[in-house]
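To start, the structure under review is shown below, and the notes come after it.
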Amino acid sequence: MNTETKDTRTPRLGIIGFGAFGQLIAQSLQGHVALYASDPDAALQDRAAALGVTFTSVAEAARCDIVVIAAPVSTFETVVAEVATLCRPGALIVDVGSVKVGPAEIMTRLLPEHVDIVATHPLFGPQSARPGLRGLKIALCPIRGTRHRFLAAFLRRHLGLQVILSTPQAHDREAAIVQGLTHLIAKVLLDMAPLPTRMTTRSFDLLVQSISMVQNDAPEVFDAIETANPYARAVRRDFFRLAHALSVTLEDRG
């Protein structure tokens, strides 16, 4: 992954947080960079070895040329503060969370001026990426520096991703609808289980398929989408207001 480094050595990429998405990053970047990963769960060491990843300390991962912070929302600020004391001058720091306004503010505030920062949101998860990354979308929000251009070019050329350049604010406004409503509706329908499986329509099958793509997400993903996005509350209120108005109309007709 060429991120405007002048030497010819293979860049080192450190993944901090080696859960399902950290592992997807490692699988996708094999052969492009030397991979290092850190996670408090030592049991993930065998999984890292199977993926050709050096399982190491936060300190070593944070000193890589590129540092990807894939830590949970609950520990994100703590991790960024630690990375700030360890990262080397000229490093590229990237996050991969579902919400961008808050993480962008944290990284801008805590990370030193001598690093580039790009806030990213892969608009897919491990399940939807199983057939491959080509054609999937990723949002890039440049925060500091110019290397987002080289990152975007790499993602397009080598991984086949559709790159969407945005700002944290514009991203979160759209994500409040795109993700906020998707996860909200999925959670409500899952609470209505068991859902019909025999006499279904194609549209219902597609709805169930969309639910299946998010139902195994970690609880903190739902919490981040619904509570950490500054625009999500207004979208929820509008949705429930309109749903209630429709319910009242239908009750009146009955």
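In the structure tokens, each chain is lettered A, B, ... as it comes, each chain's residues begin at 1, and ligands are numbered from 1 in order of appearance.
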request  = Mind listing the strand (DSSP E or B) residues of stretch 21-164 of chain A, per DSSP on the backbone, as a ChimeraX atom specification?
outcome  = /A:30,33-38,54-55,66-69,92-95,116-122,137-144,162-164
For N, CA, C and O atoms, I'd like the residues from the last selection saved as a compact mmCIF listing (two decimals), in the first residue's frame.
```txt
# COMPACT_ATOMS: atom_id res chain seq x y z
N GLN A 30 -3.59 -8.75 2.83
CA GLN A 30 -2.49 -9.70 2.72
C GLN A 30 -1.77 -9.52 1.39
O GLN A 30 -2.38 -9.41 0.33
N VAL A 33 0.91 -5.26 2.47
CA VAL A 33 1.65 -4.64 3.57
C VAL A 33 2.10 -5.74 4.54
O VAL A 33 1.57 -6.86 4.51
N ALA A 34 3.05 -5.40 5.39
CA ALA A 34 3.41 -6.28 6.51
C ALA A 34 2.43 -6.00 7.64
O ALA A 34 2.31 -4.86 8.09
N LEU A 35 1.73 -7.03 8.09
CA LEU A 35 0.61 -6.85 9.01
C LEU A 35 0.99 -7.16 10.46
O LEU A 35 1.60 -8.19 10.76
N TYR A 36 0.59 -6.23 11.33
CA TYR A 36 0.75 -6.40 12.78
C TYR A 36 -0.60 -6.11 13.43
O TYR A 36 -1.38 -5.29 12.93
N ALA A 37 -0.88 -6.79 14.52
CA ALA A 37 -2.17 -6.57 15.19
C ALA A 37 -1.99 -6.67 16.69
O ALA A 37 -1.17 -7.44 17.21
N SER A 38 -2.80 -5.87 17.37
CA SER A 38 -2.80 -5.88 18.84
C SER A 38 -4.24 -5.97 19.32
O SER A 38 -5.14 -5.33 18.75
N THR A 54 1.45 -10.65 12.47
CA THR A 54 2.24 -10.69 13.70
C THR A 54 1.42 -10.11 14.84
O THR A 54 1.06 -8.93 14.82
N PHE A 55 1.11 -10.94 15.83
CA PHE A 55 0.33 -10.49 16.99
C PHE A 55 1.30 -9.88 17.98
O PHE A 55 2.25 -10.52 18.42
N ILE A 66 1.38 2.77 8.94
CA ILE A 66 -0.07 3.01 8.89
C ILE A 66 -0.67 2.35 10.12
O ILE A 66 -0.37 1.18 10.41
N VAL A 67 -1.50 3.06 10.83
CA VAL A 67 -2.14 2.53 12.03
C VAL A 67 -3.65 2.59 11.84
O VAL A 67 -4.21 3.66 11.61
N VAL A 68 -4.28 1.42 11.91
CA VAL A 68 -5.74 1.34 11.78
C VAL A 68 -6.32 1.08 13.16
O VAL A 68 -6.04 0.04 13.77
N ILE A 69 -7.12 2.00 13.64
CA ILE A 69 -7.75 1.85 14.96
C ILE A 69 -9.12 1.22 14.74
O ILE A 69 -10.04 1.85 14.22
N LEU A 92 0.38 7.43 9.06
CA LEU A 92 -1.01 7.65 8.65
C LEU A 92 -1.90 6.92 9.64
O LEU A 92 -1.78 5.70 9.82
N ILE A 93 -2.79 7.66 10.29
CA ILE A 93 -3.69 7.08 11.29
C ILE A 93 -5.10 7.04 10.71
O ILE A 93 -5.61 8.07 10.22
N VAL A 94 -5.74 5.88 10.78
CA VAL A 94 -7.05 5.67 10.18
C VAL A 94 -7.96 5.01 11.20
O VAL A 94 -7.52 4.15 11.97
N ASP A 95 -9.23 5.41 11.22
CA ASP A 95 -10.20 4.68 12.02
C ASP A 95 -11.22 4.06 11.08
O ASP A 95 -11.29 4.41 9.90
N ASP A 116 -0.67 12.13 9.59
CA ASP A 116 -1.85 12.34 8.75
C ASP A 116 -3.02 11.56 9.36
O ASP A 116 -2.82 10.48 9.93
N ILE A 117 -4.23 12.07 9.19
CA ILE A 117 -5.41 11.42 9.77
C ILE A 117 -6.49 11.31 8.69
O ILE A 117 -6.81 12.30 8.02
N VAL A 118 -7.06 10.13 8.55
CA VAL A 118 -8.20 9.91 7.68
C VAL A 118 -9.25 9.12 8.46
O VAL A 118 -8.97 8.02 8.94
N ALA A 119 -10.43 9.70 8.59
CA ALA A 119 -11.55 8.99 9.22
C ALA A 119 -12.27 8.22 8.12
O ALA A 119 -12.67 8.80 7.11
N THR A 120 -12.41 6.92 8.29
CA THR A 120 -13.05 6.11 7.25
C THR A 120 -14.23 5.32 7.82
O THR A 120 -14.30 5.07 9.02
N HIS A 121 -15.13 4.96 6.94
CA HIS A 121 -16.23 4.07 7.30
C HIS A 121 -16.47 3.10 6.16
O HIS A 121 -17.09 3.44 5.16
N PRO A 122 -15.95 1.87 6.29
CA PRO A 122 -16.30 0.85 5.30
C PRO A 122 -17.80 0.57 5.39
O PRO A 122 -18.30 0.20 6.45
N LYS A 137 -18.64 -0.21 -0.97
CA LYS A 137 -18.36 1.21 -0.78
C LYS A 137 -17.61 1.47 0.52
O LYS A 137 -17.79 0.76 1.51
N ILE A 138 -16.80 2.53 0.50
CA ILE A 138 -16.13 3.00 1.70
C ILE A 138 -16.12 4.53 1.68
O ILE A 138 -15.87 5.14 0.64
N ALA A 139 -16.45 5.12 2.81
CA ALA A 139 -16.42 6.58 2.95
C ALA A 139 -15.07 7.00 3.53
O ALA A 139 -14.60 6.41 4.50
N LEU A 140 -14.46 8.01 2.93
CA LEU A 140 -13.21 8.59 3.41
C LEU A 140 -13.43 10.05 3.77
O LEU A 140 -13.91 10.82 2.94
N CYS A 141 -13.07 10.40 4.99
CA CYS A 141 -13.17 11.79 5.45
C CYS A 141 -11.77 12.29 5.78
O CYS A 141 -11.22 11.96 6.83
N PRO A 142 -11.15 13.05 4.89
CA PRO A 142 -9.81 13.58 5.17
C PRO A 142 -9.86 14.54 6.37
O PRO A 142 -10.67 15.46 6.40
N ILE A 143 -8.98 14.32 7.32
CA ILE A 143 -8.94 15.16 8.53
C ILE A 143 -7.67 16.00 8.57
O ILE A 143 -7.71 17.20 8.82
N ARG A 144 -6.56 15.38 8.29
CA ARG A 144 -5.28 16.12 8.32
C ARG A 144 -4.32 15.48 7.32
O ARG A 144 -4.22 14.26 7.25
N GLN A 162 -15.57 1.21 -4.08
CA GLN A 162 -16.08 2.51 -4.49
C GLN A 162 -15.79 3.49 -3.35
O GLN A 162 -16.30 3.30 -2.23
N VAL A 163 -14.97 4.48 -3.60
CA VAL A 163 -14.55 5.43 -2.57
C VAL A 163 -15.43 6.67 -2.63
O VAL A 163 -15.57 7.30 -3.69
N ILE A 164 -16.00 7.03 -1.49
CA ILE A 164 -16.85 8.22 -1.38
C ILE A 164 -16.15 9.21 -0.45
O ILE A 164 -15.97 8.94 0.74
```
ask   = Could you pull out all residues of stretch 45-117 of chain A with a DSSP call of helix (DSSP H, G or I) and give them as a PyMOL selection string?
value = chain A and resi 45-50+58-62+73-86+101-110
query = Between atom CA of A:Ala70 and atom CA of A:Gly97, what is the spacing in Å?
reply = 7.1 Å
query = What lies within 12 Å of A:Phe18 using only C-alpha atoms, ignoring chain neighbours under 5 positions off, as a VMD selection string?
reply = chain A and resid 23 to 27 35 to 49 51 53 to 58 61 68 to 72
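Comparing the minimum interatomic distances between A:Asp223 and each of A:Ser74, A:Leu242, A:Ser247, A:Arg149, counting only C-alpha atoms, we find that A:Ser74 sits nearest.
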Cut-off 12 Å: closest stretch 75-122 of chain A/stretch 12-16 of chain A atom pairs per residue, using only C-alpha atoms, as a tab-separated table:
```
residue	atom	partner	partner_atom	distance
A:Thr75	CA	A:Ile16	CA	11.1
A:Phe76	CA	A:Ile16	CA	10.1
A:Thr78	CA	A:Ile16	CA	11.9
A:Val79	CA	A:Ile16	CA	8.2
A:Val80	CA	A:Ile16	CA	9.9
A:Glu82	CA	A:Ile16	CA	10.9
A:Val83	CA	A:Ile16	CA	9.4
A:Cys87	CA	A:Gly14	CA	10.6
A:Arg88	CA	A:Arg12	CA	12.0
A:Ala91	CA	A:Leu13	CA	9.9
A:Leu92	CA	A:Leu13	CA	9.4
A:Ile93	CA	A:Gly14	CA	9.7
A:Val94	CA	A:Ile15	CA	9.7
A:Asp95	CA	A:Ile16	CA	9.7
A:Val96	CA	A:Ile15	CA	10.6
```
I need the chosen residues saved as a PDB file, in the first residue's frame, with N, CA, C and O atoms.
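Ended up saving to again-v6.pdb:
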```pdb
ATOM      1  N   THR A  75     -13.779   2.203  24.001  1.00  0.00           N
ATOM      2  CA  THR A  75     -12.360   2.376  24.334  1.00  0.00           C
ATOM      3  C   THR A  75     -11.626   3.256  23.329  1.00  0.00           C
ATOM      4  O   THR A  75     -10.411   3.424  23.436  1.00  0.00           O
ATOM      5  N   PHE A  76     -12.350   3.806  22.362  1.00  0.00           N
ATOM      6  CA  PHE A  76     -11.703   4.509  21.252  1.00  0.00           C
ATOM      7  C   PHE A  76     -10.822   5.658  21.728  1.00  0.00           C
ATOM      8  O   PHE A  76      -9.657   5.769  21.333  1.00  0.00           O
ATOM      9  N   THR A  78      -9.460   6.253  24.622  1.00  0.00           N
ATOM     10  CA  THR A  78      -8.310   5.756  25.385  1.00  0.00           C
ATOM     11  C   THR A  78      -7.234   5.220  24.451  1.00  0.00           C
ATOM     12  O   THR A  78      -6.037   5.478  24.634  1.00  0.00           O
ATOM     13  N   VAL A  79      -7.654   4.479  23.426  1.00  0.00           N
ATOM     14  CA  VAL A  79      -6.703   3.920  22.462  1.00  0.00           C
ATOM     15  C   VAL A  79      -6.014   5.036  21.683  1.00  0.00           C
ATOM     16  O   VAL A  79      -4.795   5.012  21.492  1.00  0.00           O
ATOM     17  N   VAL A  80      -6.775   6.029  21.244  1.00  0.00           N
ATOM     18  CA  VAL A  80      -6.181   7.135  20.487  1.00  0.00           C
ATOM     19  C   VAL A  80      -5.165   7.887  21.345  1.00  0.00           C
ATOM     20  O   VAL A  80      -4.086   8.260  20.868  1.00  0.00           O
ATOM     21  N   GLU A  82      -3.366   6.669  23.688  1.00  0.00           N
ATOM     22  CA  GLU A  82      -2.156   5.848  23.783  1.00  0.00           C
ATOM     23  C   GLU A  82      -1.365   5.887  22.478  1.00  0.00           C
ATOM     24  O   GLU A  82      -0.136   6.026  22.490  1.00  0.00           O
ATOM     25  N   VAL A  83      -2.063   5.785  21.356  1.00  0.00           N
ATOM     26  CA  VAL A  83      -1.394   5.849  20.049  1.00  0.00           C
ATOM     27  C   VAL A  83      -0.670   7.180  19.890  1.00  0.00           C
ATOM     28  O   VAL A  83       0.435   7.239  19.339  1.00  0.00           O
ATOM     29  N   CYS A  87       3.003   6.907  18.183  1.00  0.00           N
ATOM     30  CA  CYS A  87       3.085   6.919  16.725  1.00  0.00           C
ATOM     31  C   CYS A  87       4.297   7.712  16.245  1.00  0.00           C
ATOM     32  O   CYS A  87       4.722   8.684  16.876  1.00  0.00           O
ATOM     33  N   ARG A  88       4.809   7.280  15.125  1.00  0.00           N
ATOM     34  CA  ARG A  88       6.027   7.898  14.608  1.00  0.00           C
ATOM     35  C   ARG A  88       5.687   9.071  13.692  1.00  0.00           C
ATOM     36  O   ARG A  88       4.605   9.101  13.078  1.00  0.00           O
ATOM     37  N   ALA A  91       3.419   9.077  10.156  1.00  0.00           N
ATOM     38  CA  ALA A  91       2.497   7.941  10.097  1.00  0.00           C
ATOM     39  C   ALA A  91       1.132   8.388   9.581  1.00  0.00           C
ATOM     40  O   ALA A  91       0.769   9.563   9.647  1.00  0.00           O
ATOM     41  N   LEU A  92       0.380   7.432   9.061  1.00  0.00           N
ATOM     42  CA  LEU A  92      -1.007   7.651   8.653  1.00  0.00           C
ATOM     43  C   LEU A  92      -1.902   6.922   9.642  1.00  0.00           C
ATOM     44  O   LEU A  92      -1.783   5.705   9.820  1.00  0.00           O
ATOM     45  N   ILE A  93      -2.794   7.659  10.292  1.00  0.00           N
ATOM     46  CA  ILE A  93      -3.694   7.083  11.292  1.00  0.00           C
ATOM     47  C   ILE A  93      -5.103   7.042  10.711  1.00  0.00           C
ATOM     48  O   ILE A  93      -5.607   8.069  10.217  1.00  0.00           O
ATOM     49  N   VAL A  94      -5.736   5.879  10.782  1.00  0.00           N
ATOM     50  CA  VAL A  94      -7.049   5.665  10.179  1.00  0.00           C
ATOM     51  C   VAL A  94      -7.963   5.006  11.203  1.00  0.00           C
ATOM     52  O   VAL A  94      -7.521   4.149  11.972  1.00  0.00           O
ATOM     53  N   ASP A  95      -9.229   5.415  11.220  1.00  0.00           N
ATOM     54  CA  ASP A  95     -10.201   4.679  12.023  1.00  0.00           C
ATOM     55  C   ASP A  95     -11.225   4.063  11.081  1.00  0.00           C
ATOM     56  O   ASP A  95     -11.290   4.408   9.901  1.00  0.00           O
ATOM     57  N   VAL A  96     -12.038   3.138  11.583  1.00  0.00           N
ATOM     58  CA  VAL A  96     -12.978   2.420  10.712  1.00  0.00           C
ATOM     59  C   VAL A  96     -14.374   2.337  11.333  1.00  0.00           C
ATOM     60  O   VAL A  96     -15.145   1.441  11.009  1.00  0.00           O
TER      61      VAL A  96
END
```
key: 7 Å contact set for stretch 104-111 of chain A, only C-alpha atoms, chain neighbours under 4 positions out, as JSON, numbers by chain   = {"A": [77, 80, 81, 84, 100, 119, 168]}
Would you put the residues from that selection into a file with all heavy atoms, as a short mmCIF file (atom, residue, chain, number, x, y, z; two decimals), in the first residue's frame?
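Wrote again-v7.cif, looks like this:
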```
data_model
loop_
_atom_site.label_atom_id
_atom_site.label_comp_id
_atom_site.auth_asym_id
_atom_site.auth_seq_id
_atom_site.Cartn_x
_atom_site.Cartn_y
_atom_site.Cartn_z
N GLU A 77 -11.34 6.52 22.58
CA GLU A 77 -10.57 7.69 23.01
C GLU A 77 -9.32 7.27 23.78
O GLU A 77 -8.25 7.85 23.61
CB GLU A 77 -11.43 8.63 23.84
CG GLU A 77 -10.70 9.92 24.22
CD GLU A 77 -11.63 11.04 24.65
OE1 GLU A 77 -12.86 10.81 24.69
OE2 GLU A 77 -11.12 12.14 24.95
N VAL A 80 -6.78 6.03 21.24
CA VAL A 80 -6.18 7.13 20.49
C VAL A 80 -5.16 7.89 21.35
O VAL A 80 -4.09 8.26 20.87
CB VAL A 80 -7.27 8.10 19.98
CG1 VAL A 80 -6.64 9.34 19.34
CG2 VAL A 80 -8.17 7.40 18.96
N ALA A 81 -5.49 8.09 22.61
CA ALA A 81 -4.56 8.77 23.51
C ALA A 81 -3.26 7.99 23.65
O ALA A 81 -2.17 8.58 23.70
CB ALA A 81 -5.22 8.97 24.88
N ALA A 84 -1.26 8.24 20.41
CA ALA A 84 -0.67 9.58 20.28
C ALA A 84 0.71 9.66 20.89
O ALA A 84 1.56 10.43 20.43
CB ALA A 84 -1.59 10.61 20.91
N LYS A 100 -18.56 9.24 12.50
CA LYS A 100 -17.36 9.97 12.14
C LYS A 100 -17.14 11.28 12.88
O LYS A 100 -16.00 11.68 13.08
CB LYS A 100 -17.34 10.25 10.61
CG LYS A 100 -17.27 8.98 9.77
CD LYS A 100 -15.85 8.45 9.59
CE LYS A 100 -15.18 7.86 10.77
NZ LYS A 100 -15.53 6.48 11.10
N ALA A 119 -10.43 9.70 8.59
CA ALA A 119 -11.55 8.99 9.22
C ALA A 119 -12.27 8.22 8.12
O ALA A 119 -12.67 8.80 7.11
CB ALA A 119 -12.50 9.97 9.90
N PRO A 168 -16.93 14.47 8.03
CA PRO A 168 -17.58 13.74 9.13
C PRO A 168 -19.03 14.13 9.31
O PRO A 168 -19.89 13.28 9.56
CB PRO A 168 -16.73 14.13 10.35
CG PRO A 168 -15.37 14.41 9.78
CD PRO A 168 -15.64 15.08 8.46
#
```
ask   = So what do you get for atom CA of A:Leu195 versus atom CA of A:Ala243, distance-wise?
value =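 Between atom CA of A:Leu195 and atom CA of A:Ala243 the gap is 20.7 Å.
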message = Using only C-alpha atoms, can you tell me which of A:Val214, A:Gln179, A:Gln127, A:Thr200 comes closest to A:Ala20?
response = A:Gln127
message = Taking 5 positions as the minimum chain separation for residues in the same chain, which residues sit within 8 Å of A:Ala176 when counting only C-alpha atoms? Answer as a list in words.
response = Leu181, Ile225, Glu226, Asn229, Tyr231, Ala232 and Val235 of chain A
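For A:Ile211, the list of residues within 9 Å, based on only C-alpha atoms and with local chain neighbours fewer than 6 positions off taken out, reads A:Thr182, A:His183, A:Ile185, A:Ala186, A:Lys187, A:Leu189, A:Leu190.
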Same residues, all heavy atoms, saved as a PDB file, in the first residue's frame:
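So selection-v1.pdb came out as:
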```
ATOM      1  N   THR A 182     -31.935   1.288   9.212  1.00  0.00           N
ATOM      2  CA  THR A 182     -31.747  -0.138   8.919  1.00  0.00           C
ATOM      3  C   THR A 182     -31.619  -0.950  10.196  1.00  0.00           C
ATOM      4  O   THR A 182     -32.297  -1.965  10.385  1.00  0.00           O
ATOM      5  CB  THR A 182     -30.500  -0.348   8.045  1.00  0.00           C
ATOM      6  OG1 THR A 182     -30.661   0.360   6.822  1.00  0.00           O
ATOM      7  CG2 THR A 182     -30.288  -1.823   7.750  1.00  0.00           C
ATOM      8  N   HIS A 183     -30.754  -0.513  11.087  1.00  0.00           N
ATOM      9  CA  HIS A 183     -30.538  -1.255  12.333  1.00  0.00           C
ATOM     10  C   HIS A 183     -31.742  -1.147  13.259  1.00  0.00           C
ATOM     11  O   HIS A 183     -32.056  -2.094  13.988  1.00  0.00           O
ATOM     12  CB  HIS A 183     -29.270  -0.754  13.027  1.00  0.00           C
ATOM     13  CG  HIS A 183     -28.006  -1.261  12.395  1.00  0.00           C
ATOM     14  ND1 HIS A 183     -27.549  -0.804  11.186  1.00  0.00           N
ATOM     15  CD2 HIS A 183     -27.115  -2.203  12.810  1.00  0.00           C
ATOM     16  CE1 HIS A 183     -26.422  -1.427  10.878  1.00  0.00           C
ATOM     17  NE2 HIS A 183     -26.151  -2.278  11.834  1.00  0.00           N
ATOM     18  N   ILE A 185     -34.995  -0.802  12.398  1.00  0.00           N
ATOM     19  CA  ILE A 185     -36.046  -1.676  11.889  1.00  0.00           C
ATOM     20  C   ILE A 185     -35.676  -3.142  12.102  1.00  0.00           C
ATOM     21  O   ILE A 185     -36.515  -3.971  12.484  1.00  0.00           O
ATOM     22  CB  ILE A 185     -36.311  -1.377  10.399  1.00  0.00           C
ATOM     23  CG1 ILE A 185     -36.919   0.019  10.253  1.00  0.00           C
ATOM     24  CG2 ILE A 185     -37.221  -2.425   9.776  1.00  0.00           C
ATOM     25  CD1 ILE A 185     -36.968   0.516   8.820  1.00  0.00           C
ATOM     26  N   ALA A 186     -34.401  -3.463  11.872  1.00  0.00           N
ATOM     27  CA  ALA A 186     -33.962  -4.843  12.076  1.00  0.00           C
ATOM     28  C   ALA A 186     -34.152  -5.275  13.528  1.00  0.00           C
ATOM     29  O   ALA A 186     -34.619  -6.395  13.798  1.00  0.00           O
ATOM     30  CB  ALA A 186     -32.491  -4.982  11.680  1.00  0.00           C
ATOM     31  N   LYS A 187     -33.827  -4.395  14.462  1.00  0.00           N
ATOM     32  CA  LYS A 187     -33.957  -4.752  15.870  1.00  0.00           C
ATOM     33  C   LYS A 187     -35.423  -4.970  16.242  1.00  0.00           C
ATOM     34  O   LYS A 187     -35.758  -5.908  16.974  1.00  0.00           O
ATOM     35  CB  LYS A 187     -33.342  -3.669  16.751  1.00  0.00           C
ATOM     36  CG  LYS A 187     -33.299  -4.031  18.231  1.00  0.00           C
ATOM     37  CD  LYS A 187     -32.401  -3.099  19.009  1.00  0.00           C
ATOM     38  CE  LYS A 187     -32.335  -3.485  20.481  1.00  0.00           C
ATOM     39  NZ  LYS A 187     -31.799  -4.857  20.654  1.00  0.00           N
ATOM     40  N   LEU A 189     -37.905  -5.908  14.212  1.00  0.00           N
ATOM     41  CA  LEU A 189     -38.389  -7.133  13.589  1.00  0.00           C
ATOM     42  C   LEU A 189     -37.810  -8.373  14.278  1.00  0.00           C
ATOM     43  O   LEU A 189     -38.506  -9.394  14.410  1.00  0.00           O
ATOM     44  CB  LEU A 189     -38.040  -7.136  12.101  1.00  0.00           C
ATOM     45  CG  LEU A 189     -38.865  -6.178  11.246  1.00  0.00           C
ATOM     46  CD1 LEU A 189     -38.372  -6.189   9.804  1.00  0.00           C
ATOM     47  CD2 LEU A 189     -40.341  -6.551  11.286  1.00  0.00           C
ATOM     48  N   LEU A 190     -36.569  -8.312  14.720  1.00  0.00           N
ATOM     49  CA  LEU A 190     -35.989  -9.435  15.448  1.00  0.00           C
ATOM     50  C   LEU A 190     -36.726  -9.668  16.764  1.00  0.00           C
ATOM     51  O   LEU A 190     -36.888 -10.814  17.205  1.00  0.00           O
ATOM     52  CB  LEU A 190     -34.502  -9.193  15.710  1.00  0.00           C
ATOM     53  CG  LEU A 190     -33.583  -9.356  14.497  1.00  0.00           C
ATOM     54  CD1 LEU A 190     -32.180  -8.866  14.815  1.00  0.00           C
ATOM     55  CD2 LEU A 190     -33.533 -10.819  14.048  1.00  0.00           C
TER      56      LEU A 190
END
```
task = Determine the nearest neighbour of A:Thr85 from the options A:Ser98, A:Pro103, A:Glu60, A:Gly17, counting only C-alpha atoms.
result =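 For A:Thr85, the nearest of the candidates is A:Glu60.
From atom CA of A:Val221 back to atom CA of A:Gln209, the distance works out to 18.7 Å.
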